[in-house]
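J.: Input file: my_file_8.txt. Contents: compact mmCIF, N, CA and C atoms.
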# COMPACT_ATOMS: atom_id res chain seq x y z
N MET A 1 71.07 124.98 133.61
CA MET A 1 69.66 125.08 133.94
C MET A 1 69.45 125.43 135.40
N ILE A 2 70.25 124.83 136.26
CA ILE A 2 70.05 125.05 137.70
C ILE A 2 70.35 126.50 138.08
N GLU A 3 71.34 127.10 137.41
CA GLU A 3 71.63 128.51 137.66
C GLU A 3 70.50 129.39 137.14
N TYR A 4 69.93 128.99 136.01
CA TYR A 4 68.83 129.75 135.42
C TYR A 4 67.63 129.81 136.37
N ILE A 5 67.33 128.70 136.99
CA ILE A 5 66.22 128.65 137.95
C ILE A 5 66.49 129.60 139.11
N SER A 6 67.73 129.66 139.55
CA SER A 6 68.06 130.52 140.69
C SER A 6 67.95 132.01 140.36
N GLN A 7 67.97 132.36 139.08
CA GLN A 7 67.86 133.76 138.69
C GLN A 7 66.50 134.36 139.02
N SER A 8 65.53 133.51 139.34
CA SER A 8 64.21 134.03 139.72
C SER A 8 64.18 134.52 141.17
N GLY A 9 65.33 134.41 141.87
CA GLY A 9 65.41 134.94 143.22
C GLY A 9 65.51 133.89 144.31
N VAL A 10 65.40 132.62 143.97
CA VAL A 10 65.52 131.59 145.01
C VAL A 10 66.99 131.40 145.37
N GLU A 11 67.25 131.11 146.61
CA GLU A 11 68.62 130.97 147.08
C GLU A 11 69.13 129.53 146.99
N ILE A 12 68.20 128.57 147.03
CA ILE A 12 68.59 127.16 147.01
C ILE A 12 67.73 126.44 145.97
N VAL A 13 68.40 125.71 145.08
CA VAL A 13 67.69 124.91 144.09
C VAL A 13 68.12 123.47 144.29
N VAL A 14 67.14 122.57 144.40
CA VAL A 14 67.42 121.14 144.55
C VAL A 14 66.69 120.41 143.43
N ILE A 15 67.42 119.58 142.73
CA ILE A 15 66.81 118.72 141.72
C ILE A 15 66.89 117.30 142.26
N VAL A 16 65.72 116.71 142.50
CA VAL A 16 65.64 115.36 143.03
C VAL A 16 65.43 114.42 141.85
N ASN A 17 66.31 113.46 141.72
CA ASN A 17 66.31 112.56 140.57
C ASN A 17 65.93 111.15 141.01
N GLY A 18 64.75 111.00 141.55
CA GLY A 18 64.30 109.67 141.98
C GLY A 18 65.26 109.04 142.97
N ALA A 19 65.68 107.83 142.67
CA ALA A 19 66.60 107.12 143.56
C ALA A 19 68.05 107.33 143.16
N GLU A 20 68.29 108.24 142.24
CA GLU A 20 69.64 108.49 141.75
C GLU A 20 70.26 109.66 142.50
N THR A 21 71.29 110.22 141.91
CA THR A 21 71.97 111.37 142.47
C THR A 21 71.07 112.60 142.45
N HIS A 22 71.14 113.40 143.49
CA HIS A 22 70.38 114.65 143.57
C HIS A 22 71.37 115.80 143.35
N TYR A 23 70.85 116.92 142.92
CA TYR A 23 71.70 118.07 142.64
C TYR A 23 71.24 119.26 143.48
N LEU A 24 72.20 120.00 144.03
CA LEU A 24 71.90 121.15 144.86
C LEU A 24 72.72 122.34 144.37
N PHE A 25 72.10 123.50 144.27
CA PHE A 25 72.79 124.72 143.93
C PHE A 25 72.49 125.75 144.99
N ASP A 26 73.54 126.26 145.61
CA ASP A 26 73.43 127.32 146.61
C ASP A 26 73.76 128.63 145.90
N ALA A 27 72.73 129.43 145.61
CA ALA A 27 72.92 130.66 144.84
C ALA A 27 73.74 131.69 145.60
N VAL A 28 73.72 131.64 146.91
CA VAL A 28 74.48 132.60 147.71
C VAL A 28 75.98 132.36 147.54
N SER A 29 76.40 131.12 147.68
CA SER A 29 77.83 130.80 147.55
C SER A 29 78.22 130.45 146.12
N LYS A 30 77.22 130.29 145.24
CA LYS A 30 77.45 129.92 143.83
C LYS A 30 78.10 128.54 143.70
N LYS A 31 77.78 127.63 144.63
CA LYS A 31 78.35 126.30 144.59
C LYS A 31 77.30 125.28 144.20
N LYS A 32 77.74 124.29 143.39
CA LYS A 32 76.87 123.19 142.97
C LYS A 32 77.42 121.89 143.56
N TYR A 33 76.50 121.01 143.93
CA TYR A 33 76.88 119.72 144.50
C TYR A 33 76.05 118.60 143.91
N LYS A 34 76.70 117.44 143.79
CA LYS A 34 75.99 116.20 143.48
C LYS A 34 75.87 115.46 144.81
N ILE A 35 74.66 115.20 145.21
CA ILE A 35 74.42 114.50 146.47
C ILE A 35 74.01 113.08 146.13
N PRO A 36 74.83 112.11 146.46
CA PRO A 36 74.52 110.73 146.10
C PRO A 36 73.39 110.16 146.94
N SER A 37 72.71 109.19 146.38
CA SER A 37 71.74 108.44 147.15
C SER A 37 72.50 107.38 147.95
N TYR A 38 72.03 107.13 149.15
CA TYR A 38 72.66 106.08 149.95
C TYR A 38 72.22 104.73 149.37
N PRO A 39 73.14 103.79 149.15
CA PRO A 39 72.75 102.49 148.60
C PRO A 39 71.86 101.74 149.59
N SER A 40 70.65 101.47 149.19
CA SER A 40 69.67 100.87 150.08
C SER A 40 69.13 99.58 149.51
N ASN A 41 68.57 98.77 150.39
CA ASN A 41 67.85 97.57 149.99
C ASN A 41 66.41 98.00 149.70
N VAL A 42 66.11 98.28 148.44
CA VAL A 42 64.83 98.87 148.07
C VAL A 42 63.69 97.85 148.18
N VAL A 43 62.70 98.22 148.99
CA VAL A 43 61.49 97.41 149.16
C VAL A 43 60.31 98.11 148.49
N ASP A 44 60.19 99.42 148.70
CA ASP A 44 59.05 100.18 148.17
C ASP A 44 59.48 101.63 148.01
N THR A 45 59.31 102.17 146.81
CA THR A 45 59.74 103.54 146.56
C THR A 45 58.64 104.57 146.81
N THR A 46 57.47 104.12 147.22
CA THR A 46 56.38 105.04 147.50
C THR A 46 56.79 106.03 148.58
N GLY A 47 56.63 107.31 148.31
CA GLY A 47 56.92 108.34 149.30
C GLY A 47 58.36 108.78 149.38
N THR A 48 59.19 108.30 148.45
CA THR A 48 60.61 108.63 148.51
C THR A 48 60.85 110.13 148.32
N PHE A 49 60.17 110.73 147.36
CA PHE A 49 60.32 112.16 147.13
C PHE A 49 59.90 112.95 148.37
N SER A 50 58.79 112.57 148.96
CA SER A 50 58.31 113.26 150.16
C SER A 50 59.28 113.07 151.32
N ALA A 51 59.86 111.88 151.43
CA ALA A 51 60.84 111.63 152.49
C ALA A 51 62.08 112.49 152.29
N PHE A 52 62.53 112.62 151.03
CA PHE A 52 63.67 113.49 150.75
C PHE A 52 63.35 114.92 151.16
N CYS A 53 62.19 115.41 150.73
CA CYS A 53 61.80 116.79 151.04
C CYS A 53 61.66 117.02 152.55
N GLY A 54 61.10 116.06 153.25
CA GLY A 54 60.96 116.18 154.69
C GLY A 54 62.31 116.20 155.39
N GLY A 55 63.21 115.33 154.96
CA GLY A 55 64.56 115.32 155.53
C GLY A 55 65.31 116.60 155.23
N PHE A 56 65.14 117.10 154.00
CA PHE A 56 65.78 118.36 153.63
C PHE A 56 65.26 119.50 154.50
N GLU A 57 63.96 119.60 154.64
CA GLU A 57 63.36 120.69 155.43
C GLU A 57 63.77 120.60 156.90
N ALA A 58 63.76 119.39 157.45
CA ALA A 58 64.18 119.21 158.84
C ALA A 58 65.64 119.62 159.01
N GLY A 59 66.47 119.24 158.07
CA GLY A 59 67.89 119.60 158.14
C GLY A 59 68.12 121.09 157.99
N PHE A 60 67.41 121.71 157.05
CA PHE A 60 67.64 123.13 156.82
C PHE A 60 67.10 123.98 157.97
N SER A 61 65.93 123.62 158.49
CA SER A 61 65.36 124.42 159.57
C SER A 61 66.12 124.24 160.88
N THR A 62 66.87 123.15 161.00
CA THR A 62 67.66 122.91 162.20
C THR A 62 69.07 123.50 162.09
N HIS A 63 69.70 123.34 160.93
CA HIS A 63 71.11 123.72 160.79
C HIS A 63 71.36 124.92 159.87
N PHE A 64 70.37 125.31 159.08
CA PHE A 64 70.49 126.44 158.14
C PHE A 64 71.66 126.25 157.18
N ASP A 65 71.94 125.01 156.84
CA ASP A 65 73.02 124.68 155.92
C ASP A 65 72.41 123.85 154.78
N PRO A 66 72.31 124.40 153.57
CA PRO A 66 71.65 123.68 152.49
C PRO A 66 72.34 122.37 152.13
N LEU A 67 73.66 122.31 152.23
CA LEU A 67 74.37 121.08 151.91
C LEU A 67 74.05 119.97 152.91
N ARG A 68 74.11 120.30 154.18
CA ARG A 68 73.75 119.30 155.20
C ARG A 68 72.28 118.89 155.04
N ALA A 69 71.43 119.85 154.71
CA ALA A 69 70.01 119.54 154.51
C ALA A 69 69.83 118.56 153.35
N GLY A 70 70.59 118.76 152.27
CA GLY A 70 70.51 117.84 151.14
C GLY A 70 70.95 116.43 151.51
N LEU A 71 72.00 116.35 152.30
CA LEU A 71 72.46 115.04 152.77
C LEU A 71 71.41 114.38 153.66
N MET A 72 70.79 115.18 154.52
CA MET A 72 69.76 114.63 155.41
C MET A 72 68.54 114.18 154.60
N GLY A 73 68.23 114.89 153.53
CA GLY A 73 67.15 114.46 152.65
C GLY A 73 67.45 113.12 152.01
N SER A 74 68.69 112.95 151.57
CA SER A 74 69.09 111.70 150.96
C SER A 74 69.03 110.54 151.96
N VAL A 75 69.45 110.79 153.18
CA VAL A 75 69.38 109.77 154.23
C VAL A 75 67.92 109.40 154.51
N SER A 76 67.08 110.40 154.62
CA SER A 76 65.66 110.15 154.88
C SER A 76 65.04 109.31 153.78
N ALA A 77 65.37 109.63 152.54
CA ALA A 77 64.84 108.86 151.40
C ALA A 77 65.36 107.42 151.44
N SER A 78 66.63 107.24 151.83
CA SER A 78 67.20 105.88 151.87
C SER A 78 66.52 105.02 152.93
N LEU A 79 66.15 105.63 154.03
CA LEU A 79 65.44 104.87 155.07
C LEU A 79 64.02 104.54 154.62
N ASN A 80 63.40 105.46 153.90
CA ASN A 80 62.03 105.27 153.45
C ASN A 80 61.88 104.09 152.49
N VAL A 81 62.82 103.93 151.56
CA VAL A 81 62.68 102.89 150.54
C VAL A 81 62.89 101.48 151.09
N GLU A 82 63.40 101.37 152.30
CA GLU A 82 63.69 100.06 152.86
C GLU A 82 62.50 99.41 153.58
N GLY A 83 61.36 100.05 153.54
CA GLY A 83 60.17 99.47 154.16
C GLY A 83 58.93 99.88 153.41
N SER A 84 57.80 99.34 153.83
CA SER A 84 56.57 99.65 153.10
C SER A 84 55.42 100.08 154.00
N THR A 85 55.69 100.25 155.28
CA THR A 85 54.61 100.70 156.16
C THR A 85 54.77 102.19 156.44
N PRO A 86 53.69 102.86 156.78
CA PRO A 86 53.78 104.30 157.03
C PRO A 86 54.73 104.68 158.16
N LEU A 87 54.92 103.81 159.12
CA LEU A 87 55.77 104.13 160.26
C LEU A 87 57.19 103.57 160.15
N HIS A 88 57.49 102.94 159.03
CA HIS A 88 58.80 102.29 158.87
C HIS A 88 59.95 103.24 159.17
N THR A 89 59.93 104.42 158.57
CA THR A 89 61.04 105.36 158.74
C THR A 89 61.16 105.82 160.19
N LEU A 90 60.04 106.01 160.84
CA LEU A 90 60.07 106.46 162.24
C LEU A 90 60.64 105.39 163.17
N GLN A 91 60.56 104.14 162.75
CA GLN A 91 61.06 103.05 163.58
C GLN A 91 62.55 102.78 163.38
N SER A 92 63.17 103.49 162.45
CA SER A 92 64.60 103.32 162.20
C SER A 92 65.40 103.90 163.37
N LEU A 93 66.52 103.31 163.64
CA LEU A 93 67.37 103.78 164.72
C LEU A 93 68.04 105.09 164.35
N SER A 94 68.08 106.04 165.28
CA SER A 94 68.71 107.33 164.98
C SER A 94 70.19 107.17 164.67
N ASP A 95 70.84 106.19 165.28
CA ASP A 95 72.26 105.96 164.99
C ASP A 95 72.47 105.51 163.54
N LEU A 96 71.49 104.80 162.99
CA LEU A 96 71.57 104.38 161.59
C LEU A 96 71.54 105.60 160.68
N ALA A 97 70.64 106.52 160.94
CA ALA A 97 70.56 107.74 160.13
C ALA A 97 71.85 108.55 160.26
N ASN A 98 72.40 108.66 161.44
CA ASN A 98 73.64 109.41 161.65
C ASN A 98 74.82 108.74 160.93
N ALA A 99 74.87 107.42 160.96
CA ALA A 99 75.95 106.70 160.28
C ALA A 99 75.85 106.90 158.77
N ARG A 100 74.63 106.89 158.23
CA ARG A 100 74.45 107.11 156.80
C ARG A 100 74.82 108.54 156.43
N LEU A 101 74.50 109.49 157.29
CA LEU A 101 74.85 110.88 157.03
C LEU A 101 76.37 111.03 156.94
N GLU A 102 77.08 110.44 157.87
CA GLU A 102 78.55 110.51 157.85
C GLU A 102 79.12 109.83 156.61
N SER A 103 78.53 108.72 156.22
CA SER A 103 78.98 108.00 155.02
C SER A 103 78.77 108.84 153.77
N LEU A 104 77.64 109.51 153.66
CA LEU A 104 77.36 110.33 152.48
C LEU A 104 78.27 111.56 152.41
N LYS A 105 78.66 112.09 153.55
CA LYS A 105 79.58 113.24 153.55
C LYS A 105 80.87 112.91 152.81
N ASP A 106 81.31 111.67 152.95
CA ASP A 106 82.55 111.24 152.30
C ASP A 106 82.41 111.08 150.79
N SER A 107 81.18 110.90 150.30
CA SER A 107 80.99 110.67 148.87
C SER A 107 80.37 111.87 148.16
N LEU A 108 80.32 112.99 148.82
CA LEU A 108 79.77 114.21 148.24
C LEU A 108 80.70 114.74 147.15
N ILE A 109 80.10 115.26 146.08
CA ILE A 109 80.91 115.75 144.96
C ILE A 109 80.56 117.21 144.71
N ALA A 110 81.57 118.07 144.79
CA ALA A 110 81.38 119.47 144.44
C ALA A 110 81.54 119.62 142.94
N VAL A 111 80.64 120.35 142.31
CA VAL A 111 80.65 120.55 140.86
C VAL A 111 80.99 121.99 140.60
N TYR A 112 81.98 122.24 139.75
CA TYR A 112 82.39 123.62 139.48
C TYR A 112 82.00 124.05 138.10
What would you get if you wrote out this structure as structure tokens?
T.:
Amino acid sequence: MIEYISQSGVEIVVIVNGAETHYLFDAVSKKKYKIPSYPSNVVDTTGTFSAFCGGFEAGFSTHFDPLRAGLMGSVSASLNVEGSTPLHTLQSLSDLANARLESLKDSLIAVY
């Protein structure tokens, strides 16, 4: 299905599966990845999808790497679910986000 969606001309397809694993397909390289969610202490899931999308966009516009962008989206979503105020994610330490990003890199799964 993910390849079928890419046939419409999009270069990157991301399937966000709530708090579960996310899927990314890079049509240029023809590679598929399972991007795990970072295990979080869930307080409130409101805005998780938006947090993932924001992290993905920030990562892609900064690094132009869809895989890194997907990981950054997952990190952003993990920080978002751990609080319930609008500014919770912004108050997180940048070192925490970087540590989670490094941790997720180790658990990334390439799908062939």
J.: Which residues are near range 37-43 of chain A? Cut-off 6 Å, only N, CA and C atoms, ignore same chain within fewer than 5 positions. Put them as a count of residues only.
T.: 9
J.: To one decimal place in Å, what is the distance between CA of Val14 in chain A and atom N of Phe60 in chain A?
T.: 12.5 Å
J.: Record the distance separating CA of Ala51 in chain A and CA of Ala77 in chain A, expressed in Å with one decimal.
T.: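 Interatomic distance, CA of Ala51 in chain A to CA of Ala77 in chain A: 5.0 Å.
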J.: To test your reading of the structure, identify every residue in chain A that backbone DSSP assigns to helix (DSSP H, G or I), and report it as number ranges by chain.
T.: A: 2-6, 48-63, 66-80, 89-91, 94-106
J.: Could you check which of A:Leu79, A:Ala99, A:Leu67, A:Ala58 is closest to Tyr23 in chain A, using only C-alpha atoms?
T.: A:Leu67
J.: May I have the residues within 10 Å of Ala69 in chain A as a PyMOL selection string, using only C-alpha atoms and disregarding those fewer than 6 positions away in the same chain?
T.: chain A and resi 24+52-63+75
J.: Dump N, CA and C atoms for the selected residues as a PDB file, in the frame of the given file?
T.:
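selection.pdb, written as the output of this step:
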ATOM      1  N   LEU A  24      72.200 120.000 144.030  1.00  0.00           N
ATOM      2  CA  LEU A  24      71.900 121.150 144.860  1.00  0.00           C
ATOM      3  C   LEU A  24      72.720 122.340 144.370  1.00  0.00           C
ATOM      4  N   PHE A  52      62.530 112.620 151.030  1.00  0.00           N
ATOM      5  CA  PHE A  52      63.670 113.490 150.750  1.00  0.00           C
ATOM      6  C   PHE A  52      63.350 114.920 151.160  1.00  0.00           C
ATOM      7  N   CYS A  53      62.190 115.410 150.730  1.00  0.00           N
ATOM      8  CA  CYS A  53      61.800 116.790 151.040  1.00  0.00           C
ATOM      9  C   CYS A  53      61.660 117.020 152.550  1.00  0.00           C
ATOM     10  N   GLY A  54      61.100 116.060 153.250  1.00  0.00           N
ATOM     11  CA  GLY A  54      60.960 116.180 154.690  1.00  0.00           C
ATOM     12  C   GLY A  54      62.310 116.200 155.390  1.00  0.00           C
ATOM     13  N   GLY A  55      63.210 115.330 154.960  1.00  0.00           N
ATOM     14  CA  GLY A  55      64.560 115.320 155.530  1.00  0.00           C
ATOM     15  C   GLY A  55      65.310 116.600 155.230  1.00  0.00           C
ATOM     16  N   PHE A  56      65.140 117.100 154.000  1.00  0.00           N
ATOM     17  CA  PHE A  56      65.780 118.360 153.630  1.00  0.00           C
ATOM     18  C   PHE A  56      65.260 119.500 154.500  1.00  0.00           C
ATOM     19  N   GLU A  57      63.960 119.600 154.640  1.00  0.00           N
ATOM     20  CA  GLU A  57      63.360 120.690 155.430  1.00  0.00           C
ATOM     21  C   GLU A  57      63.770 120.600 156.900  1.00  0.00           C
ATOM     22  N   ALA A  58      63.760 119.390 157.450  1.00  0.00           N
ATOM     23  CA  ALA A  58      64.180 119.210 158.840  1.00  0.00           C
ATOM     24  C   ALA A  58      65.640 119.620 159.010  1.00  0.00           C
ATOM     25  N   GLY A  59      66.470 119.240 158.070  1.00  0.00           N
ATOM     26  CA  GLY A  59      67.890 119.600 158.140  1.00  0.00           C
ATOM     27  C   GLY A  59      68.120 121.090 157.990  1.00  0.00           C
ATOM     28  N   PHE A  60      67.410 121.710 157.050  1.00  0.00           N
ATOM     29  CA  PHE A  60      67.640 123.130 156.820  1.00  0.00           C
ATOM     30  C   PHE A  60      67.100 123.980 157.970  1.00  0.00           C
ATOM     31  N   SER A  61      65.930 123.620 158.490  1.00  0.00           N
ATOM     32  CA  SER A  61      65.360 124.420 159.570  1.00  0.00           C
ATOM     33  C   SER A  61      66.120 124.240 160.880  1.00  0.00           C
ATOM     34  N   THR A  62      66.870 123.150 161.000  1.00  0.00           N
ATOM     35  CA  THR A  62      67.660 122.910 162.200  1.00  0.00           C
ATOM     36  C   THR A  62      69.070 123.500 162.090  1.00  0.00           C
ATOM     37  N   HIS A  63      69.700 123.340 160.930  1.00  0.00           N
ATOM     38  CA  HIS A  63      71.110 123.720 160.790  1.00  0.00           C
ATOM     39  C   HIS A  63      71.360 124.920 159.870  1.00  0.00           C
ATOM     40  N   VAL A  75      69.450 110.790 153.180  1.00  0.00           N
ATOM     41  CA  VAL A  75      69.380 109.770 154.230  1.00  0.00           C
ATOM     42  C   VAL A  75      67.920 109.400 154.510  1.00  0.00           C
TER      43      VAL A  75
END
J.: Can you take the partial range 94-105 of chain A, add all heavy atoms, and return it as a JSON list (two decimals), in the coordinates of the input?
T.:
[["chain", "number", "residue", "atom", "x", "y", "z"],
["A", 94, "SER", "N", 68.08, 106.04, 165.28],
["A", 94, "SER", "CA", 68.71, 107.33, 164.98],
["A", 94, "SER", "C", 70.19, 107.17, 164.67],
["A", 94, "SER", "O", 70.76, 107.92, 163.87],
["A", 94, "SER", "CB", 68.51, 108.30, 166.13],
["A", 94, "SER", "OG", 69.12, 107.82, 167.31],
["A", 95, "ASP", "N", 70.84, 106.19, 165.28],
["A", 95, "ASP", "CA", 72.26, 105.96, 164.99],
["A", 95, "ASP", "C", 72.47, 105.51, 163.54],
["A", 95, "ASP", "O", 73.49, 105.82, 162.94],
["A", 95, "ASP", "CB", 72.84, 104.92, 165.94],
["A", 95, "ASP", "CG", 73.01, 105.45, 167.35],
["A", 95, "ASP", "OD1", 73.00, 106.69, 167.52],
["A", 95, "ASP", "OD2", 73.16, 104.64, 168.28],
["A", 96, "LEU", "N", 71.49, 104.80, 162.99],
["A", 96, "LEU", "CA", 71.57, 104.38, 161.59],
["A", 96, "LEU", "C", 71.54, 105.60, 160.68],
["A", 96, "LEU", "O", 72.34, 105.71, 159.74],
["A", 96, "LEU", "CB", 70.42, 103.43, 161.25],
["A", 96, "LEU", "CG", 70.33, 102.96, 159.80],
["A", 96, "LEU", "CD1", 71.59, 102.20, 159.40],
["A", 96, "LEU", "CD2", 69.09, 102.09, 159.62],
["A", 97, "ALA", "N", 70.64, 106.52, 160.94],
["A", 97, "ALA", "CA", 70.56, 107.74, 160.13],
["A", 97, "ALA", "C", 71.85, 108.55, 160.26],
["A", 97, "ALA", "O", 72.38, 109.06, 159.25],
["A", 97, "ALA", "CB", 69.36, 108.58, 160.57],
["A", 98, "ASN", "N", 72.40, 108.66, 161.44],
["A", 98, "ASN", "CA", 73.64, 109.41, 161.65],
["A", 98, "ASN", "C", 74.82, 108.74, 160.93],
["A", 98, "ASN", "O", 75.66, 109.43, 160.35],
["A", 98, "ASN", "CB", 73.95, 109.57, 163.14],
["A", 98, "ASN", "CG", 72.97, 110.48, 163.82],
["A", 98, "ASN", "OD1", 72.41, 111.37, 163.20],
["A", 98, "ASN", "ND2", 72.75, 110.26, 165.11],
["A", 99, "ALA", "N", 74.87, 107.42, 160.96],
["A", 99, "ALA", "CA", 75.95, 106.70, 160.28],
["A", 99, "ALA", "C", 75.85, 106.90, 158.77],
["A", 99, "ALA", "O", 76.87, 107.10, 158.09],
["A", 99, "ALA", "CB", 75.88, 105.21, 160.62],
["A", 100, "ARG", "N", 74.63, 106.89, 158.23],
["A", 100, "ARG", "CA", 74.45, 107.11, 156.80],
["A", 100, "ARG", "C", 74.82, 108.54, 156.43],
["A", 100, "ARG", "O", 75.41, 108.78, 155.37],
["A", 100, "ARG", "CB", 73.02, 106.81, 156.39],
["A", 100, "ARG", "CG", 72.73, 105.33, 156.40],
["A", 100, "ARG", "CD", 71.35, 105.00, 155.90],
["A", 100, "ARG", "NE", 71.15, 103.56, 155.95],
["A", 100, "ARG", "CZ", 70.13, 102.94, 155.42],
["A", 100, "ARG", "NH1", 69.19, 103.62, 154.78],
["A", 100, "ARG", "NH2", 70.02, 101.63, 155.51],
["A", 101, "LEU", "N", 74.50, 109.49, 157.29],
["A", 101, "LEU", "CA", 74.85, 110.88, 157.03],
["A", 101, "LEU", "C", 76.37, 111.03, 156.94],
["A", 101, "LEU", "O", 76.89, 111.67, 156.02],
["A", 101, "LEU", "CB", 74.28, 111.78, 158.12],
["A", 101, "LEU", "CG", 74.55, 113.27, 157.99],
["A", 101, "LEU", "CD1", 73.88, 113.83, 156.74],
["A", 101, "LEU", "CD2", 74.06, 114.01, 159.22],
["A", 102, "GLU", "N", 77.08, 110.44, 157.87],
["A", 102, "GLU", "CA", 78.55, 110.51, 157.85],
["A", 102, "GLU", "C", 79.12, 109.83, 156.61],
["A", 102, "GLU", "O", 80.07, 110.32, 156.00],
["A", 102, "GLU", "CB", 79.14, 109.88, 159.12],
["A", 102, "GLU", "CG", 78.86, 110.67, 160.37],
["A", 102, "GLU", "CD", 79.39, 112.10, 160.30],
["A", 102, "GLU", "OE1", 80.55, 112.29, 159.86],
["A", 102, "GLU", "OE2", 78.64, 113.03, 160.65],
["A", 103, "SER", "N", 78.53, 108.72, 156.22],
["A", 103, "SER", "CA", 78.98, 108.00, 155.02],
["A", 103, "SER", "C", 78.77, 108.84, 153.77],
["A", 103, "SER", "O", 79.65, 108.88, 152.89],
["A", 103, "SER", "CB", 78.22, 106.68, 154.90],
["A", 103, "SER", "OG", 78.52, 106.05, 153.69],
["A", 104, "LEU", "N", 77.64, 109.51, 153.66],
["A", 104, "LEU", "CA", 77.36, 110.33, 152.48],
["A", 104, "LEU", "C", 78.27, 111.56, 152.41],
["A", 104, "LEU", "O", 78.61, 112.01, 151.32],
["A", 104, "LEU", "CB", 75.90, 110.77, 152.46],
["A", 104, "LEU", "CG", 74.90, 109.69, 152.04],
["A", 104, "LEU", "CD1", 73.50, 110.24, 152.10],
["A", 104, "LEU", "CD2", 75.20, 109.19, 150.64],
["A", 105, "LYS", "N", 78.66, 112.09, 153.55],
["A", 105, "LYS", "CA", 79.58, 113.24, 153.55],
["A", 105, "LYS", "C", 80.87, 112.91, 152.81],
["A", 105, "LYS", "O", 81.43, 113.74, 152.12],
["A", 105, "LYS", "CB", 79.91, 113.66, 154.98],
["A", 105, "LYS", "CG", 78.82, 114.40, 155.69],
["A", 105, "LYS", "CD", 79.28, 114.78, 157.08],
["A", 105, "LYS", "CE", 78.21, 115.45, 157.89],
["A", 105, "LYS", "NZ", 78.64, 115.75, 159.25]]
